[in-house]
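**Student:** Quick one: the structure is below, questions incoming.
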Amino acid sequence: MDLKNINISKSLIPENYLRLAIEAQKFKETEFRELIEKRKLPKNGWSDSHIEELVRQLSALDSNNLPKKVGVGEREARIACSLVARRHYNFGHGVGRSGDLLEAQPKAAGSTLMVNLTNYLLLDLIHEMGVRSCRCCFLAPLATAGLIPVIIEPQLNDNGSMSTNLEAFAQKVTDIGTENILCLCTTTSCFAPRQCDDIVEVSKLAAQHSLPHLVNNAYGLHSAYLTHQLEQAQRLGRLDLFVQSTDKNLLVPVGGAIIAGFDEQLVRSVAKAYPGRASSTQTLDVFMTLLSLGRMGYMRLVKERKENFEYLLARLHGFAKIHSEQVIESKCNPISLALSLKQFRNAGFEEITKFGSMLYTRGVSGARVVAVGDDRKIEGYEFLNWGTHHSRTEYAYLTIAAGLGITKVEIDNFFVKLHECWEAFLKRLKK
């Protein structure tokens with residue numbers, strides 16, 4: 001209701017009270033207008049009621065919510081269950097049109113506005129995190145493609161960490177031939193003791209051979225170190241697209257991915273390759289979360305995560321010293337850490353994995369016990385010591401990570417439970 005354009009009688013409400021209400025409404029309208037016109041993240045996060053008001057206004061623009069709607073098509077966003085309708089704020093038409101996720105949806109002006117605005121807010125966030133050369137991005141449902149992988153095993157370093165084997169990478173390109181390669185695929189996001197791929201040097205290789213370069217940046221958007229590597233890779237070589245998960249970087253439910261790149265036309269061509277329209281659920285989650293956090297709120301989370309990573313690393317070093325273990329240093333991995341389990345060397349594969357089960361039953365999630373001795377064959381490739389990143393890994397280890405949103409309280413509680421499980425498992429082995 002636009003109060004300032006309605007002639008409201010003084011008999012309904014005193015004029016001074018009305019003036020205060022109109023000023024409050026004007027403030028919200030100004031924020032709505034600036035968001036839509038500037039297409040930038042608000043500096044500070046909005047309140048839940050503020051966000052809901054905007055979302056409901058956008059939803060009201062979709063054809064299924066128009067007061068005089070007459071739907072005679074096969075898909076009219078009719079929702080049978082009121083619980084489902086409320087959960088989705090009555091958005092029902094999805095994203096894009098068949099074959100193009102970025103194309104406007106004729107029946108859904110509000111959904112289209114929300115989708116495009118969310119993509120601009122994500123681009124602004126990517127710039128804020130340091131990838132300032134990025135020109136375009138869009139939010140998409142997670143999907144897979146049927147490609148034939150060619151795997152380059154990482155290089156095993158003296159300290160037990162693993163890094164990109166650039167020599168093997170270059171040799172494989174020569175052996176296969178550039179005409180038989182769709183793209184080079186690297187990752188910034190992996191479990192320690194594997195380090196993040198050297199995407200800068202691989203980007204130079206991609207530029208040398210005129211090969212597309214795709215980076216799996218699954219949970220790297222919230223790391224300034226990794227976003228700097230993306231910017232450097234684009235500047236010094238070739239990096240076409242980088243993809244990241246919304247749940248790991250924006251703290252929303254699983255299901256979405258941000259596809260970003262440095263060539264707007266290339267990014268849009270990817271959007272046009274999607275088969276059919278997509279759900280707007282992921283977009284709604286991200287849109288509301290970005291408005292809730294704001295620029296300052298997100299950067300606060302980024303700063304806290306980095307500090308908590310250093311705290312987790314220090315605590316892990318202390319634990320390792322007490323129990324004669326080692327933290328396997330992976331200096332180019334700013335998120336994941338690995339602790340050796342040499343004290344459990346005499347335990348068999350099945351037995352040592354029970355240490356992870358002990359942690360899990362005490363409420364510890366995310367920690368992985370990686371044991372040697374499990375061999376698997378996938379797509380014609382044989383993986384020795386499956387899960388350890390290298391066929392010559394000599395001993396089991398435990399991986400943990402400082403993801404976005406982790407707290408010092410969680411870290412402290414983890415080490416209490418880790419100590420309990422460690423002592424209990426050693427007694428079990430002695431028996």
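Just so we're on the same page: first chain in the structure tokens is A, next is B, and so on; residues restart at 1 for each chain, and ligands are numbered from 1 in the order they show up.
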Determine which residues of region 35-120 of chain A DSSP labels as helix (DSSP H, G or I) from the backbone of this structure, then write them out as a short mmCIF file (atom, residue, chain, number, x, y, z; two decimals) with all heavy atoms, in the first residue's frame.
**Tutor:**
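Written out: result_21.cif:
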```cif
data_model
loop_
_atom_site.label_atom_id
_atom_site.label_comp_id
_atom_site.auth_asym_id
_atom_site.auth_seq_id
_atom_site.Cartn_x
_atom_site.Cartn_y
_atom_site.Cartn_z
N LEU A 35 18.33 -1.23 -4.77
CA LEU A 35 18.72 -2.61 -5.08
C LEU A 35 18.47 -2.93 -6.55
O LEU A 35 19.33 -3.49 -7.24
CB LEU A 35 17.94 -3.58 -4.20
CG LEU A 35 18.19 -5.07 -4.45
CD1 LEU A 35 19.59 -5.47 -3.99
CD2 LEU A 35 17.14 -5.94 -3.78
N ILE A 36 17.30 -2.55 -7.03
CA ILE A 36 16.93 -2.88 -8.41
C ILE A 36 17.66 -2.01 -9.42
O ILE A 36 18.08 -2.50 -10.48
CB ILE A 36 15.40 -2.75 -8.58
CG1 ILE A 36 14.70 -3.84 -7.74
CG2 ILE A 36 14.99 -2.89 -10.05
CD1 ILE A 36 13.21 -3.70 -7.67
N GLU A 37 17.88 -0.74 -9.10
CA GLU A 37 18.54 0.15 -10.05
C GLU A 37 20.05 -0.06 -10.09
O GLU A 37 20.65 -0.08 -11.17
CB GLU A 37 18.23 1.61 -9.68
CG GLU A 37 16.77 2.01 -9.94
CD GLU A 37 16.49 3.45 -9.54
OE1 GLU A 37 17.40 4.10 -8.97
OE2 GLU A 37 15.38 3.92 -9.81
N LYS A 38 20.68 -0.23 -8.91
CA LYS A 38 22.14 -0.36 -8.87
C LYS A 38 22.59 -1.80 -9.06
O LYS A 38 23.73 -2.05 -9.45
CB LYS A 38 22.67 0.18 -7.54
CG LYS A 38 22.46 1.68 -7.37
CD LYS A 38 23.04 2.16 -6.05
CE LYS A 38 22.85 3.66 -5.88
NZ LYS A 38 23.41 4.14 -4.58
N ASP A 48 14.39 -9.88 8.16
CA ASP A 48 13.58 -10.92 7.53
C ASP A 48 12.28 -10.34 6.97
O ASP A 48 11.86 -10.71 5.86
CB ASP A 48 13.25 -12.02 8.55
CG ASP A 48 14.46 -12.85 8.93
OD1 ASP A 48 15.53 -12.66 8.30
OD2 ASP A 48 14.35 -13.67 9.85
N SER A 49 11.64 -9.44 7.73
CA SER A 49 10.36 -8.88 7.26
C SER A 49 10.56 -8.03 6.03
O SER A 49 9.71 -8.02 5.12
CB SER A 49 9.72 -8.05 8.39
OG SER A 49 10.58 -6.97 8.78
N HIS A 50 11.68 -7.32 5.96
CA HIS A 50 12.02 -6.49 4.80
C HIS A 50 12.20 -7.37 3.55
O HIS A 50 11.69 -7.06 2.48
CB HIS A 50 13.30 -5.72 5.12
CG HIS A 50 13.52 -4.53 4.25
ND1 HIS A 50 14.46 -3.57 4.53
CD2 HIS A 50 12.92 -4.12 3.11
CE1 HIS A 50 14.45 -2.64 3.60
NE2 HIS A 50 13.54 -2.96 2.72
N ILE A 51 12.94 -8.46 3.72
CA ILE A 51 13.18 -9.38 2.61
C ILE A 51 11.86 -10.01 2.15
O ILE A 51 11.58 -10.07 0.94
CB ILE A 51 14.17 -10.48 3.02
CG1 ILE A 51 15.54 -9.87 3.33
CG2 ILE A 51 14.31 -11.54 1.93
CD1 ILE A 51 16.50 -10.83 4.00
N GLU A 52 11.07 -10.48 3.08
CA GLU A 52 9.79 -11.12 2.73
C GLU A 52 8.87 -10.17 1.99
O GLU A 52 8.16 -10.59 1.07
CB GLU A 52 9.10 -11.65 3.99
CG GLU A 52 9.65 -12.97 4.47
CD GLU A 52 8.69 -13.69 5.39
OE1 GLU A 52 8.17 -13.03 6.32
OE2 GLU A 52 8.45 -14.90 5.19
N GLU A 53 8.87 -8.91 2.39
CA GLU A 53 8.00 -7.94 1.71
C GLU A 53 8.39 -7.81 0.24
O GLU A 53 7.52 -7.78 -0.64
CB GLU A 53 8.09 -6.58 2.41
CG GLU A 53 7.12 -5.55 1.84
CD GLU A 53 7.08 -4.27 2.64
OE1 GLU A 53 7.44 -4.28 3.84
OE2 GLU A 53 6.67 -3.25 2.06
N LEU A 54 9.69 -7.73 -0.04
CA LEU A 54 10.14 -7.62 -1.42
C LEU A 54 9.83 -8.91 -2.19
O LEU A 54 9.34 -8.86 -3.34
CB LEU A 54 11.64 -7.34 -1.48
CG LEU A 54 12.26 -7.31 -2.87
CD1 LEU A 54 11.60 -6.25 -3.76
CD2 LEU A 54 13.77 -7.07 -2.80
N VAL A 55 10.09 -10.06 -1.59
CA VAL A 55 9.84 -11.33 -2.25
C VAL A 55 8.36 -11.48 -2.60
O VAL A 55 8.00 -11.92 -3.70
CB VAL A 55 10.31 -12.51 -1.37
CG1 VAL A 55 9.81 -13.84 -1.92
CG2 VAL A 55 11.84 -12.53 -1.28
N ARG A 56 7.50 -11.09 -1.69
CA ARG A 56 6.06 -11.19 -1.96
C ARG A 56 5.63 -10.22 -3.06
O ARG A 56 4.75 -10.53 -3.87
CB ARG A 56 5.27 -10.94 -0.68
CG ARG A 56 5.46 -12.05 0.36
CD ARG A 56 4.49 -11.92 1.52
NE ARG A 56 4.81 -12.86 2.58
CZ ARG A 56 4.54 -14.15 2.55
NH1 ARG A 56 3.96 -14.68 1.48
NH2 ARG A 56 4.87 -14.94 3.56
N GLN A 57 6.25 -9.06 -3.11
CA GLN A 57 5.95 -8.11 -4.19
C GLN A 57 6.36 -8.68 -5.54
O GLN A 57 5.64 -8.54 -6.53
CB GLN A 57 6.65 -6.77 -3.94
CG GLN A 57 6.03 -5.94 -2.83
CD GLN A 57 6.66 -4.57 -2.71
OE1 GLN A 57 7.17 -4.03 -3.69
NE2 GLN A 57 6.62 -3.99 -1.53
N LEU A 58 7.53 -9.33 -5.58
CA LEU A 58 7.98 -9.94 -6.83
C LEU A 58 7.08 -11.11 -7.23
O LEU A 58 6.72 -11.26 -8.40
CB LEU A 58 9.43 -10.42 -6.68
CG LEU A 58 10.50 -9.33 -6.50
CD1 LEU A 58 11.86 -9.96 -6.25
CD2 LEU A 58 10.56 -8.42 -7.73
N SER A 59 6.72 -11.92 -6.26
CA SER A 59 5.85 -13.07 -6.53
C SER A 59 4.51 -12.62 -7.09
O SER A 59 3.93 -13.28 -7.96
CB SER A 59 5.64 -13.87 -5.24
OG SER A 59 4.70 -14.89 -5.42
N SER A 63 2.17 -14.51 -13.30
CA SER A 63 0.81 -14.66 -13.81
C SER A 63 -0.09 -15.51 -12.92
O SER A 63 -1.29 -15.26 -12.82
CB SER A 63 0.85 -15.26 -15.22
OG SER A 63 1.37 -16.58 -15.19
N ASN A 64 0.48 -16.53 -12.23
CA ASN A 64 -0.36 -17.38 -11.39
C ASN A 64 -0.87 -16.66 -10.15
O ASN A 64 -1.78 -17.14 -9.47
CB ASN A 64 0.41 -18.64 -10.96
CG ASN A 64 1.68 -18.32 -10.21
OD1 ASN A 64 2.55 -17.62 -10.71
ND2 ASN A 64 1.82 -18.84 -9.00
N ASN A 65 -0.31 -15.47 -9.86
CA ASN A 65 -0.74 -14.71 -8.69
C ASN A 65 -1.49 -13.43 -9.05
O ASN A 65 -1.83 -12.64 -8.16
CB ASN A 65 0.48 -14.36 -7.83
CG ASN A 65 1.22 -15.60 -7.34
OD1 ASN A 65 0.60 -16.57 -6.91
ND2 ASN A 65 2.54 -15.59 -7.44
N SER A 82 -1.21 -26.02 -0.03
CA SER A 82 -0.95 -24.66 0.43
C SER A 82 0.39 -24.56 1.17
O SER A 82 1.05 -23.52 1.15
CB SER A 82 -2.08 -24.18 1.35
OG SER A 82 -2.21 -25.02 2.48
N LEU A 83 0.81 -25.66 1.81
CA LEU A 83 2.11 -25.68 2.48
C LEU A 83 3.24 -25.48 1.47
O LEU A 83 4.19 -24.74 1.71
CB LEU A 83 2.31 -27.00 3.23
CG LEU A 83 1.48 -27.22 4.49
CD1 LEU A 83 1.69 -28.64 5.00
CD2 LEU A 83 1.83 -26.21 5.56
N VAL A 84 3.13 -26.15 0.33
CA VAL A 84 4.12 -26.02 -0.73
C VAL A 84 4.10 -24.60 -1.29
O VAL A 84 5.15 -23.99 -1.53
CB VAL A 84 3.86 -27.05 -1.85
CG1 VAL A 84 4.81 -26.81 -3.03
CG2 VAL A 84 4.02 -28.46 -1.33
N ALA A 85 2.90 -24.05 -1.49
CA ALA A 85 2.78 -22.69 -2.02
C ALA A 85 3.45 -21.68 -1.08
O ALA A 85 4.19 -20.80 -1.53
CB ALA A 85 1.31 -22.34 -2.22
N ARG A 86 3.22 -21.84 0.22
CA ARG A 86 3.82 -20.91 1.17
C ARG A 86 5.33 -21.08 1.24
O ARG A 86 6.07 -20.10 1.37
CB ARG A 86 3.20 -21.13 2.57
CG ARG A 86 1.76 -20.65 2.68
CD ARG A 86 1.38 -20.37 4.14
NE ARG A 86 1.53 -21.54 4.99
CZ ARG A 86 0.57 -22.45 5.17
NH1 ARG A 86 -0.59 -22.34 4.54
NH2 ARG A 86 0.77 -23.48 5.98
N ARG A 87 5.79 -22.34 1.15
CA ARG A 87 7.23 -22.60 1.20
C ARG A 87 7.95 -21.89 0.06
O ARG A 87 9.08 -21.42 0.22
CB ARG A 87 7.48 -24.10 1.14
CG ARG A 87 8.94 -24.50 1.05
CD ARG A 87 9.13 -26.01 1.10
NE ARG A 87 10.50 -26.38 0.95
CZ ARG A 87 11.08 -26.77 -0.18
NH1 ARG A 87 10.34 -26.85 -1.29
NH2 ARG A 87 12.35 -27.10 -0.23
N ALA A 109 6.99 -12.40 -14.68
CA ALA A 109 7.79 -11.17 -14.64
C ALA A 109 8.56 -11.06 -13.33
O ALA A 109 9.73 -10.68 -13.31
CB ALA A 109 6.88 -9.96 -14.83
N GLY A 110 7.89 -11.42 -12.22
CA GLY A 110 8.55 -11.34 -10.93
C GLY A 110 9.70 -12.32 -10.79
O GLY A 110 10.77 -11.97 -10.29
N SER A 111 9.48 -13.56 -11.24
CA SER A 111 10.54 -14.58 -11.19
C SER A 111 11.73 -14.16 -12.05
O SER A 111 12.89 -14.31 -11.64
CB SER A 111 10.00 -15.92 -11.68
OG SER A 111 9.03 -16.42 -10.80
N THR A 112 11.45 -13.64 -13.23
CA THR A 112 12.52 -13.21 -14.14
C THR A 112 13.34 -12.09 -13.52
O THR A 112 14.57 -12.10 -13.58
CB THR A 112 11.92 -12.74 -15.48
OG1 THR A 112 11.22 -13.83 -16.09
CG2 THR A 112 13.01 -12.26 -16.42
N LEU A 113 12.65 -11.13 -12.91
CA LEU A 113 13.34 -10.02 -12.25
C LEU A 113 14.21 -10.54 -11.11
O LEU A 113 15.37 -10.13 -10.95
CB LEU A 113 12.32 -9.02 -11.72
CG LEU A 113 12.85 -7.81 -10.96
CD1 LEU A 113 13.87 -7.04 -11.79
CD2 LEU A 113 11.71 -6.90 -10.53
N MET A 114 13.69 -11.48 -10.31
CA MET A 114 14.44 -12.03 -9.19
C MET A 114 15.67 -12.80 -9.66
O MET A 114 16.76 -12.67 -9.11
CB MET A 114 13.55 -12.94 -8.35
CG MET A 114 14.27 -13.54 -7.15
SD MET A 114 13.23 -14.62 -6.14
CE MET A 114 12.98 -16.00 -7.27
N VAL A 115 15.50 -13.61 -10.71
CA VAL A 115 16.60 -14.41 -11.24
C VAL A 115 17.73 -13.52 -11.75
O VAL A 115 18.91 -13.70 -11.40
CB VAL A 115 16.11 -15.34 -12.37
CG1 VAL A 115 17.29 -15.93 -13.14
CG2 VAL A 115 15.24 -16.44 -11.82
N ASN A 116 17.39 -12.53 -12.56
CA ASN A 116 18.42 -11.65 -13.13
C ASN A 116 19.08 -10.81 -12.05
O ASN A 116 20.30 -10.59 -12.08
CB ASN A 116 17.80 -10.76 -14.21
CG ASN A 116 17.43 -11.54 -15.45
OD1 ASN A 116 18.05 -12.55 -15.77
ND2 ASN A 116 16.43 -11.08 -16.17
N LEU A 117 18.29 -10.35 -11.09
CA LEU A 117 18.85 -9.55 -10.00
C LEU A 117 19.79 -10.40 -9.14
O LEU A 117 20.88 -9.94 -8.75
CB LEU A 117 17.71 -8.99 -9.15
CG LEU A 117 18.09 -8.03 -8.02
CD1 LEU A 117 18.92 -6.86 -8.55
CD2 LEU A 117 16.83 -7.52 -7.33
N THR A 118 19.41 -11.64 -8.89
CA THR A 118 20.27 -12.54 -8.12
C THR A 118 21.61 -12.77 -8.82
O THR A 118 22.67 -12.78 -8.19
CB THR A 118 19.58 -13.90 -7.89
OG1 THR A 118 18.35 -13.69 -7.19
CG2 THR A 118 20.46 -14.84 -7.07
N ASN A 119 21.58 -12.94 -10.13
CA ASN A 119 22.81 -13.13 -10.89
C ASN A 119 23.72 -11.90 -10.80
O ASN A 119 24.95 -12.02 -10.71
CB ASN A 119 22.49 -13.45 -12.35
CG ASN A 119 21.90 -14.83 -12.52
OD1 ASN A 119 22.07 -15.71 -11.68
ND2 ASN A 119 21.16 -15.04 -13.60
N TYR A 120 23.12 -10.70 -10.81
CA TYR A 120 23.92 -9.48 -10.65
C TYR A 120 24.52 -9.40 -9.25
O TYR A 120 25.68 -8.97 -9.07
CB TYR A 120 23.07 -8.25 -10.93
CG TYR A 120 22.98 -7.88 -12.39
CD1 TYR A 120 21.80 -8.05 -13.11
CD2 TYR A 120 24.09 -7.36 -13.07
CE1 TYR A 120 21.71 -7.72 -14.45
CE2 TYR A 120 24.02 -7.03 -14.42
CZ TYR A 120 22.82 -7.22 -15.10
OH TYR A 120 22.75 -6.89 -16.44
#
```
**Student:** Would you mind listing what lies within 9 Å of region 214-218 of chain A as a PDB file with N, CA, C and O atoms, in the first residue's frame, with only C-alpha atoms counted and same-chain residues fewer than 2 positions away left out?
**Tutor:**
```
ATOM      1  N   CYS A 183      38.510 -30.083 -22.891  1.00  0.00           N
ATOM      2  CA  CYS A 183      38.995 -29.010 -22.025  1.00  0.00           C
ATOM      3  C   CYS A 183      39.947 -29.575 -20.986  1.00  0.00           C
ATOM      4  O   CYS A 183      40.000 -30.793 -20.763  1.00  0.00           O
ATOM      5  N   LEU A 184      40.693 -28.708 -20.357  1.00  0.00           N
ATOM      6  CA  LEU A 184      41.494 -29.054 -19.186  1.00  0.00           C
ATOM      7  C   LEU A 184      40.652 -28.718 -17.961  1.00  0.00           C
ATOM      8  O   LEU A 184      40.061 -27.637 -17.885  1.00  0.00           O
ATOM      9  N   CYS A 185      40.598 -29.633 -17.012  1.00  0.00           N
ATOM     10  CA  CYS A 185      39.760 -29.442 -15.835  1.00  0.00           C
ATOM     11  C   CYS A 185      40.626 -29.525 -14.577  1.00  0.00           C
ATOM     12  O   CYS A 185      41.299 -30.522 -14.347  1.00  0.00           O
ATOM     13  N   THR A 186      40.610 -28.466 -13.791  1.00  0.00           N
ATOM     14  CA  THR A 186      41.385 -28.425 -12.555  1.00  0.00           C
ATOM     15  C   THR A 186      40.441 -28.138 -11.389  1.00  0.00           C
ATOM     16  O   THR A 186      39.276 -27.815 -11.582  1.00  0.00           O
ATOM     17  N   THR A 187      40.978 -28.255 -10.167  1.00  0.00           N
ATOM     18  CA  THR A 187      40.143 -27.998  -9.000  1.00  0.00           C
ATOM     19  C   THR A 187      40.899 -27.185  -7.956  1.00  0.00           C
ATOM     20  O   THR A 187      42.091 -27.386  -7.727  1.00  0.00           O
ATOM     21  N   THR A 188      40.186 -26.244  -7.360  1.00  0.00           N
ATOM     22  CA  THR A 188      40.746 -25.511  -6.222  1.00  0.00           C
ATOM     23  C   THR A 188      40.281 -26.128  -4.915  1.00  0.00           C
ATOM     24  O   THR A 188      40.770 -25.791  -3.853  1.00  0.00           O
ATOM     25  N   SER A 189      39.296 -27.023  -4.993  1.00  0.00           N
ATOM     26  CA  SER A 189      38.623 -27.533  -3.799  1.00  0.00           C
ATOM     27  C   SER A 189      38.846 -29.026  -3.657  1.00  0.00           C
ATOM     28  O   SER A 189      38.317 -29.807  -4.434  1.00  0.00           O
ATOM     29  N   CYS A 190      39.645 -29.413  -2.664  1.00  0.00           N
ATOM     30  CA  CYS A 190      39.946 -30.829  -2.477  1.00  0.00           C
ATOM     31  C   CYS A 190      40.306 -31.082  -1.020  1.00  0.00           C
ATOM     32  O   CYS A 190      40.620 -30.169  -0.262  1.00  0.00           O
ATOM     33  N   ILE A 199      46.331 -23.775 -10.718  1.00  0.00           N
ATOM     34  CA  ILE A 199      45.503 -23.350 -11.861  1.00  0.00           C
ATOM     35  C   ILE A 199      46.181 -22.267 -12.691  1.00  0.00           C
ATOM     36  O   ILE A 199      45.873 -22.107 -13.876  1.00  0.00           O
ATOM     37  N   PRO A 212      40.291 -24.978 -23.941  1.00  0.00           N
ATOM     38  CA  PRO A 212      39.438 -24.425 -22.881  1.00  0.00           C
ATOM     39  C   PRO A 212      39.883 -24.944 -21.511  1.00  0.00           C
ATOM     40  O   PRO A 212      40.378 -26.057 -21.383  1.00  0.00           O
ATOM     41  N   GLY A 220      35.521 -22.705  -3.043  1.00  0.00           N
ATOM     42  CA  GLY A 220      36.624 -21.748  -3.037  1.00  0.00           C
ATOM     43  C   GLY A 220      36.236 -20.289  -3.093  1.00  0.00           C
ATOM     44  O   GLY A 220      37.078 -19.407  -2.929  1.00  0.00           O
ATOM     45  N   LEU A 221      34.942 -20.003  -3.289  1.00  0.00           N
ATOM     46  CA  LEU A 221      34.535 -18.609  -3.439  1.00  0.00           C
ATOM     47  C   LEU A 221      34.750 -17.816  -2.152  1.00  0.00           C
ATOM     48  O   LEU A 221      34.989 -16.613  -2.180  1.00  0.00           O
ATOM     49  N   LEU A 226      42.097 -18.331  -2.882  1.00  0.00           N
ATOM     50  CA  LEU A 226      41.692 -19.069  -4.085  1.00  0.00           C
ATOM     51  C   LEU A 226      41.095 -18.148  -5.149  1.00  0.00           C
ATOM     52  O   LEU A 226      41.326 -18.350  -6.340  1.00  0.00           O
ATOM     53  N   THR A 227      40.342 -17.138  -4.732  1.00  0.00           N
ATOM     54  CA  THR A 227      39.798 -16.213  -5.732  1.00  0.00           C
ATOM     55  C   THR A 227      40.923 -15.406  -6.390  1.00  0.00           C
ATOM     56  O   THR A 227      40.840 -15.063  -7.569  1.00  0.00           O
ATOM     57  N   LEU A 230      42.269 -17.518  -9.139  1.00  0.00           N
ATOM     58  CA  LEU A 230      41.391 -17.456 -10.317  1.00  0.00           C
ATOM     59  C   LEU A 230      41.691 -16.217 -11.147  1.00  0.00           C
ATOM     60  O   LEU A 230      41.790 -16.280 -12.383  1.00  0.00           O
ATOM     61  N   LEU A 239      41.554 -19.151 -18.687  1.00  0.00           N
ATOM     62  CA  LEU A 239      40.584 -19.739 -17.780  1.00  0.00           C
ATOM     63  C   LEU A 239      39.212 -19.331 -18.297  1.00  0.00           C
ATOM     64  O   LEU A 239      38.881 -18.146 -18.322  1.00  0.00           O
ATOM     65  N   ASP A 240      38.439 -20.307 -18.752  1.00  0.00           N
ATOM     66  CA  ASP A 240      37.167 -19.991 -19.408  1.00  0.00           C
ATOM     67  C   ASP A 240      36.007 -19.885 -18.423  1.00  0.00           C
ATOM     68  O   ASP A 240      35.262 -18.903 -18.434  1.00  0.00           O
ATOM     69  N   LEU A 241      35.855 -20.909 -17.589  1.00  0.00           N
ATOM     70  CA  LEU A 241      34.731 -20.954 -16.655  1.00  0.00           C
ATOM     71  C   LEU A 241      35.190 -21.487 -15.309  1.00  0.00           C
ATOM     72  O   LEU A 241      36.083 -22.328 -15.241  1.00  0.00           O
ATOM     73  N   PHE A 242      34.579 -20.988 -14.235  1.00  0.00           N
ATOM     74  CA  PHE A 242      34.794 -21.582 -12.919  1.00  0.00           C
ATOM     75  C   PHE A 242      33.434 -21.757 -12.250  1.00  0.00           C
ATOM     76  O   PHE A 242      32.555 -20.905 -12.343  1.00  0.00           O
ATOM     77  N   VAL A 243      33.267 -22.909 -11.603  1.00  0.00           N
ATOM     78  CA  VAL A 243      31.969 -23.326 -11.071  1.00  0.00           C
ATOM     79  C   VAL A 243      32.080 -23.554  -9.567  1.00  0.00           C
ATOM     80  O   VAL A 243      33.054 -24.157  -9.093  1.00  0.00           O
ATOM     81  N   GLN A 244      31.093 -23.068  -8.807  1.00  0.00           N
ATOM     82  CA  GLN A 244      31.097 -23.231  -7.360  1.00  0.00           C
ATOM     83  C   GLN A 244      29.705 -23.565  -6.834  1.00  0.00           C
ATOM     84  O   GLN A 244      28.702 -23.210  -7.437  1.00  0.00           O
ATOM     85  N   SER A 245      29.660 -24.268  -5.715  1.00  0.00           N
ATOM     86  CA  SER A 245      28.398 -24.672  -5.110  1.00  0.00           C
ATOM     87  C   SER A 245      27.814 -23.535  -4.281  1.00  0.00           C
ATOM     88  O   SER A 245      28.540 -22.810  -3.607  1.00  0.00           O
ATOM     89  N   THR A 246      26.489 -23.421  -4.295  1.00  0.00           N
ATOM     90  CA  THR A 246      25.839 -22.389  -3.480  1.00  0.00           C
ATOM     91  C   THR A 246      25.812 -22.782  -2.011  1.00  0.00           C
ATOM     92  O   THR A 246      25.959 -21.935  -1.133  1.00  0.00           O
ATOM     93  N   LYS A 248      27.954 -24.542  -0.170  1.00  0.00           N
ATOM     94  CA  LYS A 248      29.241 -24.420   0.518  1.00  0.00           C
ATOM     95  C   LYS A 248      29.701 -22.969   0.644  1.00  0.00           C
ATOM     96  O   LYS A 248      30.436 -22.627   1.564  1.00  0.00           O
ATOM     97  N   ASN A 249      29.289 -22.115  -0.272  1.00  0.00           N
ATOM     98  CA  ASN A 249      29.765 -20.737  -0.282  1.00  0.00           C
ATOM     99  C   ASN A 249      28.750 -19.714   0.216  1.00  0.00           C
ATOM    100  O   ASN A 249      29.135 -18.600   0.580  1.00  0.00           O
ATOM    101  N   ALA A 257      24.387 -24.283  -8.305  1.00  0.00           N
ATOM    102  CA  ALA A 257      25.773 -23.999  -8.668  1.00  0.00           C
ATOM    103  C   ALA A 257      25.846 -22.638  -9.337  1.00  0.00           C
ATOM    104  O   ALA A 257      24.916 -22.221 -10.033  1.00  0.00           O
TER     105      ALA A 257
END
```
**Student:** Give me, as a list of chain:residue names, all polymer residues having an atom no more than 8 Å from Leu339 (chain A), counting only C-alpha atoms and skipping those fewer than 3 positions away in the same chain.
**Tutor:**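 Near neighbours after the sequence-gap exclusion: A:Leu316, A:Ala320, A:Glu325, A:Gln326, A:Val327, A:Ile328, A:Tyr397, A:Leu398, A:Thr399.
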**Student:** Near Glu329 (chain A), counting only C-alpha atoms, which residues have an atom at most 10 Å away, once you skip same-chain residues fewer than 2 positions from it, shown as a PyMOL selection string?
**Tutor:** chain A and resi 159-162+192-195+313+326-327+331-333+337-339
**Student:** Name the closest residue to Tyr298 (chain A) among the candidates A:Cys81, A:Ile13, A:Leu236, A:Leu251; distances are taken between atoms, counting only C-alpha atoms.
**Tutor:** A:Leu251
**Student:** Could you tell me which of A:Gln155, A:Ser330, A:Asn346, A:Ser133 comes closest to Ala233 (chain A) if we count only C-alpha atoms?
**Tutor:**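 Ranking A:Gln155, A:Ser330, A:Asn346, A:Ser133 by distance to Ala233 (chain A), first place goes to A:Ser133.
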**Student:** Could you give me the residues within region 258-348 of chain A that DSSP places in strand (DSSP E or B), as a PyMOL selection string?
**Tutor:** chain A and resi 258-261+278+327+336-340
**Student:** Find, counting only C-alpha atoms, the residue in A:Gly297, A:Gly177, A:Gly237, A:Gly366 that gets nearest to Val200 (chain A).
**Tutor:**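 Looking only at the distances to Val200 (chain A), the closest residue turns out to be A:Gly237.
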**Student:** Tell me, in Å to one decimal, how far CA of Ser280 (chain A) is from CA of Gly94 (chain A).
**Tutor:** 4.7 Å
